[in-house]
Amino acid sequence: MKGEDLKVFKLFLEIAGISKERIEFHAKNFENSNVTMEEYSQKMVVEECETLFLKRILMRFSKVYDDPFLRKRIQGAIEKGIPPAIKGDFHVHTNWSDGTYELESYVKKAEEFGYKYISVSDHSLVNKGTVQMDERKFLKQMEYVDELQKNTPLRIFKSVEIDVNEDGTLDYPTEILEKADFVLGAVHFDYSKGKEKAFELLKVLIQNKVVKIIAHPLNKIGGDFFKAHLEEVVQLVKENKKVLEISLVPDRIRESDFLVENLKGRGVKFSFGSDSHSVKQLELMALSNLWINELNTNDIANFYEEPLEFFER
Ligand SMILES: [Zn+2]
Ligand SMILES: [Zn+2]
């Protein structure tokens with residue numbers, strides 16, 4: 001018997017797309033076992049995930065669950081629910097890229113939350129092996145959003161999580177990116193050019209005119225390297241009016257801790273992003289409870305009804 005509330009365990013399975021019935025089965029089974037969630041998921045659950053992405057999410061989140069410090073914090077934050085002052089989510093992936101569900105189902109969920117807006121920010125990833133959304137598909141998606149927009153008072157922001165390439169170019173040309181309501185920029189890349197290169201590309205994104213939010217700013221860079229260049233980052237971010245994302249993905253909690261700890265009170269703008277790849281994952285906006293009290297709410301994009309104006313400040 002694990003003798004603990006399995007709320008987080010169940011939530012993670014639901015995010016990975018496991019059916020309600022199977023979740024109950026697994027919760028009982030897991031409770032009576034002696035294994036870690038990582039071991040359990042690998043052996044018993046992962047085959048039930050519908051897509052490769054959900055399999056990966058399950059395994060990544062299982063590891064987080066096995067860390068008692070993170071698990072307790074997640075449980076506490078989830079119990080508080082999404083703070084009522086949060087007006088929307090800036091980072092969502094649908095099945096136009098590697099998300100699992102249709103755009104409509106995210107919109108519906110956001111309406112249920114009472115959000116004012118949601119941003120559709122699928123991956124470009126043109127030059128990273130698997131094209132997820134090239135510029136033609138992106139233009140199509142924007143038309144599609146315009147159609148959906150007619151049927152809902154929820155504002156659907158047209159966005160994209162644009163990748164920066166090794167040579168410093170972005171996946172789409174500027175004139176395409178300018179058609180979006182705003183752009184998230186991200187360093188992903190799968191090659192191992194090291195932190196130096198990742199940091200150089202981060203600075204390219206910060207200085208790019210059309211990029212507004214820097215998604216998961218510590219990706220491939222890490223805290224120590226970032227900290228060594230902290231003053232440079234603060235200066236560039238302010239000069240270029242960029243917003244740094246506080247990622248709500250469970251295995252980025254420590255990165256987000258780092259950002260908040262080192263940048264709070266410095267006049268830097270932040271946004272919370274769930275980086276959802278499944279509709280259920282939108283509920284992880286509740287993880288914003290982990291940092292909200294440490295930040296000045298005037299600095300957080302999600303607290304604004306008109307975030308596009310906030311971005312330009
Ligand atoms: Zn990303
Ligand atoms: Zn993303």
# chains A, B, ... in the order shown; residues from 1 in each chain; ligands from 1

call {"tool": "residues_near_ligand", "arguments": {"ligand": "ligand 2", "cutoff": "9 Å", "atoms": "only C-alpha atoms and all ligand atoms", "output": "MDAnalysis selection string"}}
result
chainID A and resid 91:93 121:123 160:161 184 186 215:216 273:277

call {"tool": "select_by_dssp", "arguments": {"residues": "range 54-257 of chain A", "states": "helix (DSSP H, G or I)", "output": "number ranges by chain"}}
result
A: 54-65, 68-80, 103-113, 135-149, 174-177, 194-207, 223-228, 230-239, 250-257

call {"tool": "write_last_selection", "arguments": {"atoms": "C-alpha atoms", "output": "compact mmCIF listing (two decimals), in the first residue's frame"}}
result
# COMPACT_ATOMS: atom_id res chain seq x y z
CA LEU A 54 1.55 10.68 -25.25
CA LYS A 55 3.84 7.74 -24.48
CA ARG A 56 6.69 10.17 -23.99
CA ILE A 57 4.60 12.48 -21.84
CA LEU A 58 3.55 9.56 -19.65
CA MET A 59 7.13 8.45 -19.11
CA ARG A 60 8.42 11.97 -18.47
CA PHE A 61 5.63 12.77 -16.03
CA SER A 62 6.00 9.39 -14.27
CA LYS A 63 9.56 10.34 -13.38
CA VAL A 64 8.32 13.61 -11.93
CA TYR A 65 5.73 11.72 -9.88
CA PRO A 68 8.28 13.21 -3.64
CA PHE A 69 9.18 16.91 -3.46
CA LEU A 70 7.73 17.64 -6.89
CA ARG A 71 4.75 15.34 -6.38
CA LYS A 72 3.70 17.13 -3.18
CA ARG A 73 4.01 20.53 -4.76
CA ILE A 74 2.02 19.47 -7.81
CA GLN A 75 -0.70 18.00 -5.65
CA GLY A 76 -0.95 21.17 -3.57
CA ALA A 77 -1.12 23.39 -6.64
CA ILE A 78 -3.71 21.20 -8.38
CA GLU A 79 -5.94 21.21 -5.31
CA LYS A 80 -6.06 25.01 -5.42
CA LEU A 103 -8.37 22.55 -31.91
CA GLU A 104 -12.10 22.69 -31.10
CA SER A 105 -11.69 20.56 -27.99
CA TYR A 106 -9.13 22.98 -26.56
CA VAL A 107 -11.45 25.87 -27.30
CA LYS A 108 -14.30 24.09 -25.54
CA LYS A 109 -12.21 23.39 -22.47
CA ALA A 110 -10.99 26.99 -22.35
CA GLU A 111 -14.63 28.13 -22.46
CA GLU A 112 -15.42 25.80 -19.56
CA PHE A 113 -12.59 27.35 -17.57
CA GLU A 135 4.14 27.89 -43.61
CA ARG A 136 1.37 26.82 -45.99
CA LYS A 137 -0.22 24.71 -43.30
CA PHE A 138 0.15 27.59 -40.87
CA LEU A 139 -1.70 29.94 -43.23
CA LYS A 140 -4.44 27.35 -43.53
CA GLN A 141 -4.67 27.00 -39.79
CA MET A 142 -5.10 30.75 -39.42
CA GLU A 143 -8.00 30.67 -41.86
CA TYR A 144 -9.48 27.81 -39.91
CA VAL A 145 -9.18 29.77 -36.65
CA ASP A 146 -10.93 32.74 -38.29
CA GLU A 147 -13.86 30.45 -39.04
CA LEU A 148 -13.97 29.01 -35.51
CA GLN A 149 -13.74 32.49 -34.08
CA THR A 174 8.98 37.46 -41.26
CA GLU A 175 6.05 38.36 -43.54
CA ILE A 176 4.31 35.09 -42.64
CA LEU A 177 5.01 35.47 -38.92
CA GLY A 194 26.16 22.60 -26.49
CA LYS A 195 24.88 25.32 -24.22
CA GLU A 196 26.94 28.03 -25.84
CA LYS A 197 25.16 27.54 -29.17
CA ALA A 198 21.74 27.23 -27.52
CA PHE A 199 22.35 30.49 -25.69
CA GLU A 200 23.41 32.21 -28.89
CA LEU A 201 20.13 31.10 -30.51
CA LEU A 202 18.14 32.23 -27.48
CA LYS A 203 19.61 35.69 -27.96
CA VAL A 204 18.65 35.59 -31.64
CA LEU A 205 15.06 34.94 -30.59
CA ILE A 206 15.08 37.67 -27.95
CA GLN A 207 16.29 40.18 -30.53
CA GLY A 223 20.33 27.12 -14.96
CA ASP A 224 24.06 27.45 -14.37
CA PHE A 225 24.90 28.72 -17.83
CA PHE A 226 21.88 31.02 -17.83
CA LYS A 227 22.83 32.41 -14.43
CA ALA A 228 26.35 33.20 -15.56
CA LEU A 230 21.85 36.65 -16.29
CA GLU A 231 22.54 40.39 -16.58
CA GLU A 232 22.93 40.14 -20.33
CA VAL A 233 19.60 38.30 -20.59
CA VAL A 234 17.75 40.78 -18.38
CA GLN A 235 19.05 43.69 -20.40
CA LEU A 236 18.23 42.13 -23.76
CA VAL A 237 14.77 41.00 -22.67
CA LYS A 238 13.86 44.47 -21.44
CA GLU A 239 15.38 46.27 -24.41
CA PRO A 250 5.81 19.12 -14.76
CA ASP A 251 9.33 18.19 -15.79
CA ARG A 252 10.18 21.86 -16.22
CA ILE A 253 9.14 22.88 -12.69
CA ARG A 254 12.76 23.21 -11.59
CA GLU A 255 13.53 25.40 -14.61
CA SER A 256 10.55 27.58 -13.74
CA ASP A 257 11.68 27.73 -10.09

call {"tool": "closest_residue", "arguments": {"among": "A:Lys209, A:His26, A:Arg155, A:Lys43", "to": "Phe12 in chain A", "atoms": "only C-alpha atoms"}}
result
A:His26

call {"tool": "select_by_dssp", "arguments": {"residues": "range 39-119 of chain A", "states": "strand (DSSP E)", "output": "list in words"}}
result
Gly88, Asp89, Tyr117, Ile118 and Ser119 of chain A

call {"tool": "closest_residue", "arguments": {"among": "A:Val211, A:Val187, A:Ile15, A:Leu308", "to": "ligand 1", "atoms": "only C-alpha atoms and all ligand atoms"}}
result
A:Val187

call {"tool": "residues_around", "arguments": {"residues": "Phe303 in chain A", "least_positions_apart": "6", "cutoff": "6 Å", "atoms": "only C-alpha atoms", "output": "PyMOL selection string"}}
result
chain A and resi 85-87

call {"tool": "write_last_selection", "arguments": {"atoms": "N, CA and C atoms", "output": "compact mmCIF listing (two decimals), in the first residue's frame"}}
result
# COMPACT_ATOMS: atom_id res chain seq x y z
N ALA A 85 -7.90 34.66 -11.47
CA ALA A 85 -7.39 35.84 -12.17
C ALA A 85 -6.73 35.49 -13.51
N ILE A 86 -6.49 34.21 -13.75
CA ILE A 86 -5.87 33.80 -15.02
C ILE A 86 -6.90 33.91 -16.14
N LYS A 87 -6.55 34.66 -17.19
CA LYS A 87 -7.51 34.91 -18.26
C LYS A 87 -7.33 33.98 -19.46

call {"tool": "closest_residue", "arguments": {"among": "A:Val45, A:Leu244, A:Leu125, A:Ile118", "to": "ligand 1", "atoms": "only C-alpha atoms and all ligand atoms"}}
result
A:Leu125

call {"tool": "atom_distance", "arguments": {"atom1": "CA of Phe53 in chain A", "atom2": "CA of Thr100 in chain A"}}
result
8.1 Å

call {"tool": "atom_distance", "arguments": {"atom1": "CA of Thr36 in chain A", "atom2": "CA of Ala16 in chain A"}}
result
17.3 Å

call {"tool": "residues_around", "arguments": {"residues": "Ser119 in chain A", "least_positions_apart": "2", "cutoff": "8 Å", "atoms": "only C-alpha atoms", "output": "number ranges by chain"}}
result
A: 89-92, 117, 121, 156-159

call {"tool": "write_last_selection", "arguments": {"atoms": "N, CA and C atoms", "output": "CSV table (one decimal), in the first residue's frame"}}
result
chain,number,residue,atom,x,y,z
A,89,ASP,N,-4.4,30.9,-21.7
A,89,ASP,CA,-3.2,30.1,-21.8
A,89,ASP,C,-2.6,30.5,-23.2
A,90,PHE,N,-1.2,30.7,-23.1
A,90,PHE,CA,-0.5,31.2,-24.3
A,90,PHE,C,0.2,30.1,-25.1
A,91,HIS,N,0.1,28.8,-24.6
A,91,HIS,CA,1.0,27.8,-25.3
A,91,HIS,C,0.2,26.5,-25.3
A,92,VAL,N,-0.3,26.2,-26.5
A,92,VAL,CA,-1.1,25.0,-26.7
A,92,VAL,C,-0.8,24.3,-28.1
A,117,TYR,N,-9.3,34.0,-23.4
A,117,TYR,CA,-8.6,33.6,-24.6
A,117,TYR,C,-7.7,32.4,-24.5
A,121,SER,N,-0.7,27.5,-30.6
A,121,SER,CA,0.7,27.8,-30.9
A,121,SER,C,1.4,26.4,-31.3
A,156,ILE,N,-9.5,33.4,-29.8
A,156,ILE,CA,-8.5,32.4,-30.2
A,156,ILE,C,-7.3,33.1,-30.8
A,157,PHE,N,-6.2,33.3,-30.1
A,157,PHE,CA,-5.1,33.9,-30.7
A,157,PHE,C,-4.4,33.0,-31.7
A,158,LYS,N,-4.1,33.6,-32.8
A,158,LYS,CA,-3.3,32.8,-33.9
A,158,LYS,C,-1.8,33.0,-33.6
A,159,SER,N,-1.2,31.9,-33.2
A,159,SER,CA,0.2,31.9,-32.8
A,159,SER,C,0.9,30.7,-33.4

call {"tool": "decode", "arguments": {"residues": "range 229-253 of chain A", "atoms": "N, CA and C atoms", "output": "PDB file, in the first residue's frame"}}
result
ATOM      1  N   HIS A 229      25.070  34.347 -17.307  1.00  0.00           N
ATOM      2  CA  HIS A 229      24.808  35.408 -18.286  1.00  0.00           C
ATOM      3  C   HIS A 229      23.537  36.177 -17.966  1.00  0.00           C
ATOM      4  N   LEU A 230      23.143  36.109 -16.705  1.00  0.00           N
ATOM      5  CA  LEU A 230      21.847  36.653 -16.293  1.00  0.00           C
ATOM      6  C   LEU A 230      21.668  38.136 -16.641  1.00  0.00           C
ATOM      7  N   GLU A 231      22.691  38.943 -16.349  1.00  0.00           N
ATOM      8  CA  GLU A 231      22.542  40.388 -16.576  1.00  0.00           C
ATOM      9  C   GLU A 231      22.347  40.697 -18.054  1.00  0.00           C
ATOM     10  N   GLU A 232      23.064  39.972 -18.877  1.00  0.00           N
ATOM     11  CA  GLU A 232      22.928  40.144 -20.326  1.00  0.00           C
ATOM     12  C   GLU A 232      21.492  39.803 -20.764  1.00  0.00           C
ATOM     13  N   VAL A 233      20.964  38.711 -20.227  1.00  0.00           N
ATOM     14  CA  VAL A 233      19.602  38.298 -20.587  1.00  0.00           C
ATOM     15  C   VAL A 233      18.591  39.352 -20.144  1.00  0.00           C
ATOM     16  N   VAL A 234      18.705  39.795 -18.899  1.00  0.00           N
ATOM     17  CA  VAL A 234      17.746  40.784 -18.379  1.00  0.00           C
ATOM     18  C   VAL A 234      17.750  42.030 -19.260  1.00  0.00           C
ATOM     19  N   GLN A 235      18.945  42.484 -19.587  1.00  0.00           N
ATOM     20  CA  GLN A 235      19.051  43.692 -20.402  1.00  0.00           C
ATOM     21  C   GLN A 235      18.424  43.509 -21.787  1.00  0.00           C
ATOM     22  N   LEU A 236      18.764  42.388 -22.427  1.00  0.00           N
ATOM     23  CA  LEU A 236      18.226  42.130 -23.763  1.00  0.00           C
ATOM     24  C   LEU A 236      16.712  41.972 -23.754  1.00  0.00           C
ATOM     25  N   VAL A 237      16.214  41.253 -22.754  1.00  0.00           N
ATOM     26  CA  VAL A 237      14.772  40.998 -22.672  1.00  0.00           C
ATOM     27  C   VAL A 237      14.013  42.316 -22.508  1.00  0.00           C
ATOM     28  N   LYS A 238      14.537  43.195 -21.668  1.00  0.00           N
ATOM     29  CA  LYS A 238      13.865  44.474 -21.444  1.00  0.00           C
ATOM     30  C   LYS A 238      13.965  45.378 -22.681  1.00  0.00           C
ATOM     31  N   GLU A 239      15.146  45.446 -23.215  1.00  0.00           N
ATOM     32  CA  GLU A 239      15.375  46.274 -24.410  1.00  0.00           C
ATOM     33  C   GLU A 239      14.438  45.876 -25.548  1.00  0.00           C
ATOM     34  N   ASN A 240      14.245  44.572 -25.702  1.00  0.00           N
ATOM     35  CA  ASN A 240      13.471  44.053 -26.824  1.00  0.00           C
ATOM     36  C   ASN A 240      12.017  43.732 -26.457  1.00  0.00           C
ATOM     37  N   LYS A 241      11.623  44.140 -25.235  1.00  0.00           N
ATOM     38  CA  LYS A 241      10.241  43.944 -24.769  1.00  0.00           C
ATOM     39  C   LYS A 241       9.764  42.506 -24.933  1.00  0.00           C
ATOM     40  N   LYS A 242      10.561  41.587 -24.487  1.00  0.00           N
ATOM     41  CA  LYS A 242      10.163  40.186 -24.603  1.00  0.00           C
ATOM     42  C   LYS A 242       9.546  39.676 -23.308  1.00  0.00           C
ATOM     43  N   VAL A 243       8.738  38.636 -23.470  1.00  0.00           N
ATOM     44  CA  VAL A 243       8.075  37.992 -22.353  1.00  0.00           C
ATOM     45  C   VAL A 243       8.715  36.621 -22.166  1.00  0.00           C
ATOM     46  N   LEU A 244       9.094  36.283 -20.946  1.00  0.00           N
ATOM     47  CA  LEU A 244       9.682  34.963 -20.699  1.00  0.00           C
ATOM     48  C   LEU A 244       8.602  34.023 -20.162  1.00  0.00           C
ATOM     49  N   GLU A 245       8.525  32.877 -20.757  1.00  0.00           N
ATOM     50  CA  GLU A 245       7.514  31.914 -20.327  1.00  0.00           C
ATOM     51  C   GLU A 245       7.950  31.184 -19.057  1.00  0.00           C
ATOM     52  N   ILE A 246       7.012  31.085 -18.129  1.00  0.00           N
ATOM     53  CA  ILE A 246       7.176  30.180 -16.995  1.00  0.00           C
ATOM     54  C   ILE A 246       6.414  28.920 -17.388  1.00  0.00           C
ATOM     55  N   SER A 247       7.175  27.908 -17.738  1.00  0.00           N
ATOM     56  CA  SER A 247       6.552  26.693 -18.263  1.00  0.00           C
ATOM     57  C   SER A 247       5.891  25.903 -17.147  1.00  0.00           C
ATOM     58  N   LEU A 248       4.684  25.397 -17.440  1.00  0.00           N
ATOM     59  CA  LEU A 248       3.929  24.628 -16.452  1.00  0.00           C
ATOM     60  C   LEU A 248       3.993  23.132 -16.732  1.00  0.00           C
ATOM     61  N   VAL A 249       4.915  22.740 -17.575  1.00  0.00           N
ATOM     62  CA  VAL A 249       5.101  21.312 -17.828  1.00  0.00           C
ATOM     63  C   VAL A 249       5.807  20.726 -16.596  1.00  0.00           C
ATOM     64  N   PRO A 250       5.261  19.635 -16.029  1.00  0.00           N
ATOM     65  CA  PRO A 250       5.810  19.124 -14.762  1.00  0.00           C
ATOM     66  C   PRO A 250       7.326  18.908 -14.769  1.00  0.00           C
ATOM     67  N   ASP A 251       7.880  18.408 -15.842  1.00  0.00           N
ATOM     68  CA  ASP A 251       9.333  18.188 -15.789  1.00  0.00           C
ATOM     69  C   ASP A 251      10.141  19.455 -16.090  1.00  0.00           C
ATOM     70  N   ARG A 252       9.467  20.584 -16.136  1.00  0.00           N
ATOM     71  CA  ARG A 252      10.176  21.859 -16.219  1.00  0.00           C
ATOM     72  C   ARG A 252       9.996  22.699 -14.950  1.00  0.00           C
ATOM     73  N   ILE A 253       9.408  22.114 -13.915  1.00  0.00           N
ATOM     74  CA  ILE A 253       9.144  22.882 -12.690  1.00  0.00           C
ATOM     75  C   ILE A 253      10.433  23.471 -12.122  1.00  0.00           C
TER      76      ILE A 253
END
